[in-house]
Amino acid sequence: YGRQFSVESYKRELPATTDAILSYLSSGVIKGIGPVTAKRIVDRYGEDTLKVIEEHPDYLVDIKGISPKRVKEISESFNNQYGMRQVMLYFEGMLSPRLSLKAFKKWGNAAVDVLRNNPYLLCEELEGIGFEKADAMARKMGVPNDSQERIASGIKYLLSLELSRNGHCYISLESLLSKTSTVLSVSLPDVEEVVAILSQGGELVAVKGADGDIQVYLEKVYRTERFCAE
């Protein structure tokens, strides 16, 4: 067949011609717009239709049959789809489409900014995503090895492992510091600093045991154990 393209990546664009825009809107992809309304909008705004919906949705009240309430519905539907596309494009190669969709459902249009600021929220606030996956993504995003966000997430991860694998509600401070430093390849002083920050913020609880050791709990685990004991 002669010379051919070898595609390394591609990006889907919104339709640009009036016919394509009309077909797109008539498909029912945007809540609040059916075939009749789609034709009225495209007849009015032509190739600027999608720009109007995105940037000036209030203009749509000039279209017969579209009330202010319906304008809000249309705008929210369009923006949600736009946000979902942006999230999936940004995390392409780092997260599967399924996980990108999970992130979008959790944080909406702010997902990219939220995870760019702290990718470790993936394993802390979403089910089914472990520390290793979040850490791998953070490495691709250039997060430093000794960042406080990484160390904090690693500490919580190790405490959760103790709970799930060994049935322990806490781990001794000495053991936690040593394990975190080894697993994350960071210095002990850096780990000590983050443990102090998490304790001050209430995410960790440190108590002195009967043998004099400092026992470190995840706050919710400590609260649960106290509740059961009481």
# chains A, B, ... in the order shown; residues from 1 in each chain; ligands from 1
call {"tool": "residues_around", "arguments": {"residues": "A:Leu218", "least_positions_apart": "2", "cutoff": "12 Å", "atoms": "only C-alpha atoms", "output": "PyMOL selection string"}}
result
chain A and resi 152-153+155-163+168-171+176+195+198-199+201-207+215-216+220-225
call {"tool": "write_last_selection", "arguments": {"atoms": "C-alpha atoms", "output": "compact mmCIF listing (two decimals), in the first residue's frame"}}
result
# COMPACT_ATOMS: atom_id res chain seq x y z
CA ALA A 152 4.20 10.47 54.87
CA SER A 153 2.44 8.12 52.48
CA ILE A 155 4.72 5.66 56.77
CA LYS A 156 0.95 5.14 56.51
CA TYR A 157 1.53 2.33 54.01
CA LEU A 158 3.89 0.49 56.37
CA LEU A 159 1.49 0.88 59.28
CA SER A 160 -1.33 -0.50 57.12
CA LEU A 161 0.87 -3.46 56.16
CA GLU A 162 1.45 -4.27 59.83
CA LEU A 163 -2.30 -4.21 60.36
CA HIS A 168 -0.82 -5.48 64.78
CA CYS A 169 -2.62 -2.22 65.57
CA TYR A 170 0.66 -0.37 66.10
CA ILE A 171 4.40 -0.55 65.47
CA LEU A 176 8.78 2.32 62.10
CA VAL A 195 6.40 11.33 61.89
CA LEU A 198 1.80 13.56 61.13
CA SER A 199 1.51 13.25 64.92
CA GLY A 201 -1.66 16.87 62.58
CA GLY A 202 -3.52 14.02 64.29
CA GLU A 203 -2.95 11.42 61.55
CA LEU A 204 -0.70 9.34 63.82
CA VAL A 205 -1.02 8.65 67.55
CA ALA A 206 2.07 7.88 69.62
CA VAL A 207 1.65 6.43 73.11
CA GLN A 215 3.90 2.76 70.06
CA VAL A 216 2.73 4.44 66.84
CA LYS A 220 -8.37 5.69 62.97
CA VAL A 221 -6.92 2.36 64.19
CA TYR A 222 -6.11 3.81 67.60
CA ARG A 223 -9.62 5.25 67.85
CA THR A 224 -11.16 1.90 66.87
CA GLU A 225 -9.09 -0.08 69.38
call {"tool": "residues_around", "arguments": {"residues": "A:Val143", "least_positions_apart": "2", "cutoff": "12 Å", "atoms": "only C-alpha atoms", "output": "number ranges by chain"}}
result
A: 115-120, 134-141, 145-151
call {"tool": "write_last_selection", "arguments": {"atoms": "N, CA and C atoms", "output": "PDB file, in the first residue's frame"}}
result
ATOM      1  N   LEU A 115      -3.583  15.867  42.038  1.00  0.00           N
ATOM      2  CA  LEU A 115      -2.590  14.795  41.992  1.00  0.00           C
ATOM      3  C   LEU A 115      -1.218  15.285  41.564  1.00  0.00           C
ATOM      4  N   ARG A 116      -1.181  16.374  40.821  1.00  0.00           N
ATOM      5  CA  ARG A 116       0.118  16.972  40.499  1.00  0.00           C
ATOM      6  C   ARG A 116       0.765  17.498  41.778  1.00  0.00           C
ATOM      7  N   ASN A 117      -0.076  18.012  42.669  1.00  0.00           N
ATOM      8  CA  ASN A 117       0.413  18.546  43.941  1.00  0.00           C
ATOM      9  C   ASN A 117       0.819  17.424  44.902  1.00  0.00           C
ATOM     10  N   ASN A 118       0.030  16.320  44.916  1.00  0.00           N
ATOM     11  CA  ASN A 118       0.356  15.193  45.792  1.00  0.00           C
ATOM     12  C   ASN A 118      -0.181  13.892  45.198  1.00  0.00           C
ATOM     13  N   PRO A 119       0.617  13.218  44.352  1.00  0.00           N
ATOM     14  CA  PRO A 119       0.149  11.978  43.709  1.00  0.00           C
ATOM     15  C   PRO A 119      -0.121  10.850  44.694  1.00  0.00           C
ATOM     16  N   TYR A 120       0.385  10.980  45.930  1.00  0.00           N
ATOM     17  CA  TYR A 120       0.195   9.907  46.911  1.00  0.00           C
ATOM     18  C   TYR A 120      -1.226   9.866  47.456  1.00  0.00           C
ATOM     19  N   ALA A 134       1.178   4.353  43.219  1.00  0.00           N
ATOM     20  CA  ALA A 134       1.223   5.806  43.388  1.00  0.00           C
ATOM     21  C   ALA A 134       2.666   6.302  43.362  1.00  0.00           C
ATOM     22  N   ASP A 135       3.567   5.523  43.964  1.00  0.00           N
ATOM     23  CA  ASP A 135       4.979   5.915  44.006  1.00  0.00           C
ATOM     24  C   ASP A 135       5.587   5.888  42.610  1.00  0.00           C
ATOM     25  N   ALA A 136       5.222   4.874  41.830  1.00  0.00           N
ATOM     26  CA  ALA A 136       5.743   4.790  40.451  1.00  0.00           C
ATOM     27  C   ALA A 136       5.277   5.989  39.630  1.00  0.00           C
ATOM     28  N   MET A 137       4.021   6.385  39.820  1.00  0.00           N
ATOM     29  CA  MET A 137       3.519   7.543  39.094  1.00  0.00           C
ATOM     30  C   MET A 137       4.232   8.813  39.540  1.00  0.00           C
ATOM     31  N   ALA A 138       4.451   8.922  40.843  1.00  0.00           N
ATOM     32  CA  ALA A 138       5.132  10.105  41.379  1.00  0.00           C
ATOM     33  C   ALA A 138       6.539  10.228  40.808  1.00  0.00           C
ATOM     34  N   ARG A 139       7.228   9.080  40.628  1.00  0.00           N
ATOM     35  CA  ARG A 139       8.575   9.113  40.059  1.00  0.00           C
ATOM     36  C   ARG A 139       8.531   9.675  38.644  1.00  0.00           C
ATOM     37  N   LYS A 140       7.522   9.241  37.856  1.00  0.00           N
ATOM     38  CA  LYS A 140       7.389   9.742  36.483  1.00  0.00           C
ATOM     39  C   LYS A 140       7.104  11.236  36.461  1.00  0.00           C
ATOM     40  N   MET A 141       6.450  11.715  37.527  1.00  0.00           N
ATOM     41  CA  MET A 141       6.106  13.135  37.601  1.00  0.00           C
ATOM     42  C   MET A 141       7.250  13.965  38.191  1.00  0.00           C
ATOM     43  N   ASN A 145      12.716  11.938  45.818  1.00  0.00           N
ATOM     44  CA  ASN A 145      12.721  10.730  46.641  1.00  0.00           C
ATOM     45  C   ASN A 145      12.446  11.048  48.108  1.00  0.00           C
ATOM     46  N   ASP A 146      12.939  12.204  48.566  1.00  0.00           N
ATOM     47  CA  ASP A 146      12.798  12.543  49.982  1.00  0.00           C
ATOM     48  C   ASP A 146      11.698  13.563  50.259  1.00  0.00           C
ATOM     49  N   SER A 147      10.730  13.670  49.337  1.00  0.00           N
ATOM     50  CA  SER A 147       9.636  14.622  49.563  1.00  0.00           C
ATOM     51  C   SER A 147       8.818  14.192  50.781  1.00  0.00           C
ATOM     52  N   GLN A 148       8.325  15.170  51.522  1.00  0.00           N
ATOM     53  CA  GLN A 148       7.554  14.850  52.729  1.00  0.00           C
ATOM     54  C   GLN A 148       6.277  14.093  52.393  1.00  0.00           C
ATOM     55  N   GLU A 149       5.662  14.397  51.239  1.00  0.00           N
ATOM     56  CA  GLU A 149       4.443  13.687  50.834  1.00  0.00           C
ATOM     57  C   GLU A 149       4.733  12.195  50.636  1.00  0.00           C
ATOM     58  N   ARG A 150       5.886  11.903  50.020  1.00  0.00           N
ATOM     59  CA  ARG A 150       6.257  10.500  49.776  1.00  0.00           C
ATOM     60  C   ARG A 150       6.525   9.774  51.091  1.00  0.00           C
ATOM     61  N   ILE A 151       7.275  10.419  51.971  1.00  0.00           N
ATOM     62  CA  ILE A 151       7.598   9.784  53.254  1.00  0.00           C
ATOM     63  C   ILE A 151       6.336   9.578  54.091  1.00  0.00           C
TER      64      ILE A 151
END
call {"tool": "residues_around", "arguments": {"residues": "stretch 9-16 of chain A", "least_positions_apart": "2", "cutoff": "12 Å", "atoms": "only C-alpha atoms", "output": "list in words"}}
result
Phe5, Ser6, Val7, Thr18, Asp19, Ala20, Ile21, Leu22, Ser23, Tyr24, Leu25, Val42, Gly46, Glu47, Asp48, Thr49, Leu50, Lys51, Glu54, Phe78, Gln81, Tyr82, Arg85, Gln86, Met88, Leu89, Tyr90, Glu92 and Gly93 of chain A
call {"tool": "atom_distance", "arguments": {"atom1": "atom CA of A:Glu8", "atom2": "atom CA of A:Ser100"}}
result
20.6 Å
call {"tool": "select_by_dssp", "arguments": {"residues": "stretch 1-202 of chain A", "states": "helix (DSSP H, G or I)", "output": "ChimeraX atom specification"}}
result
/A:18-26,35-55,57-62,68-90,97-117,121-125,131-140,148-166,173-184,188-200
call {"tool": "closest_residue", "arguments": {"among": "A:Thr180, A:Arg3, A:Pro57, A:Arg98", "to": "A:Ile129", "atoms": "only C-alpha atoms"}}
result
A:Arg98
call {"tool": "atom_distance", "arguments": {"atom1": "atom CA of A:Asp113", "atom2": "atom CA of A:Ser96"}}
result
18.1 Å
call {"tool": "atom_distance", "arguments": {"atom1": "atom CA of A:Leu101", "atom2": "atom CA of A:Met84"}}
result
7.0 Å
call {"tool": "closest_residue", "arguments": {"among": "A:Ile41, A:Glu76, A:Leu122, A:Pro189", "to": "A:Tyr59", "atoms": "only C-alpha atoms"}}
result
A:Ile41
call {"tool": "select_by_dssp", "arguments": {"residues": "stretch 9-181 of chain A", "states": "strand (DSSP E or B)", "output": "PDB file with N, CA and C atoms, in the first residue's frame"}}
result
ATOM      1  N   GLU A  92      -2.157   9.700  30.841  1.00  0.00           N
ATOM      2  CA  GLU A  92      -1.910   8.641  29.873  1.00  0.00           C
ATOM      3  C   GLU A  92      -0.481   8.125  30.048  1.00  0.00           C
ATOM      4  N   LEU A  95      -1.485   6.136  34.428  1.00  0.00           N
ATOM      5  CA  LEU A  95      -2.628   5.446  35.016  1.00  0.00           C
ATOM      6  C   LEU A  95      -3.451   4.802  33.912  1.00  0.00           C
ATOM      7  N   TYR A 170      -0.376  -1.407  66.039  1.00  0.00           N
ATOM      8  CA  TYR A 170       0.661  -0.373  66.104  1.00  0.00           C
ATOM      9  C   TYR A 170       2.017  -0.985  65.785  1.00  0.00           C
ATOM     10  N   ILE A 171       3.017  -0.124  65.661  1.00  0.00           N
ATOM     11  CA  ILE A 171       4.395  -0.554  65.468  1.00  0.00           C
ATOM     12  C   ILE A 171       5.258   0.340  66.352  1.00  0.00           C
ATOM     13  N   SER A 172       6.328  -0.192  66.882  1.00  0.00           N
ATOM     14  CA  SER A 172       7.177   0.634  67.741  1.00  0.00           C
ATOM     15  C   SER A 172       7.805   1.750  66.909  1.00  0.00           C
TER      16      SER A 172
END
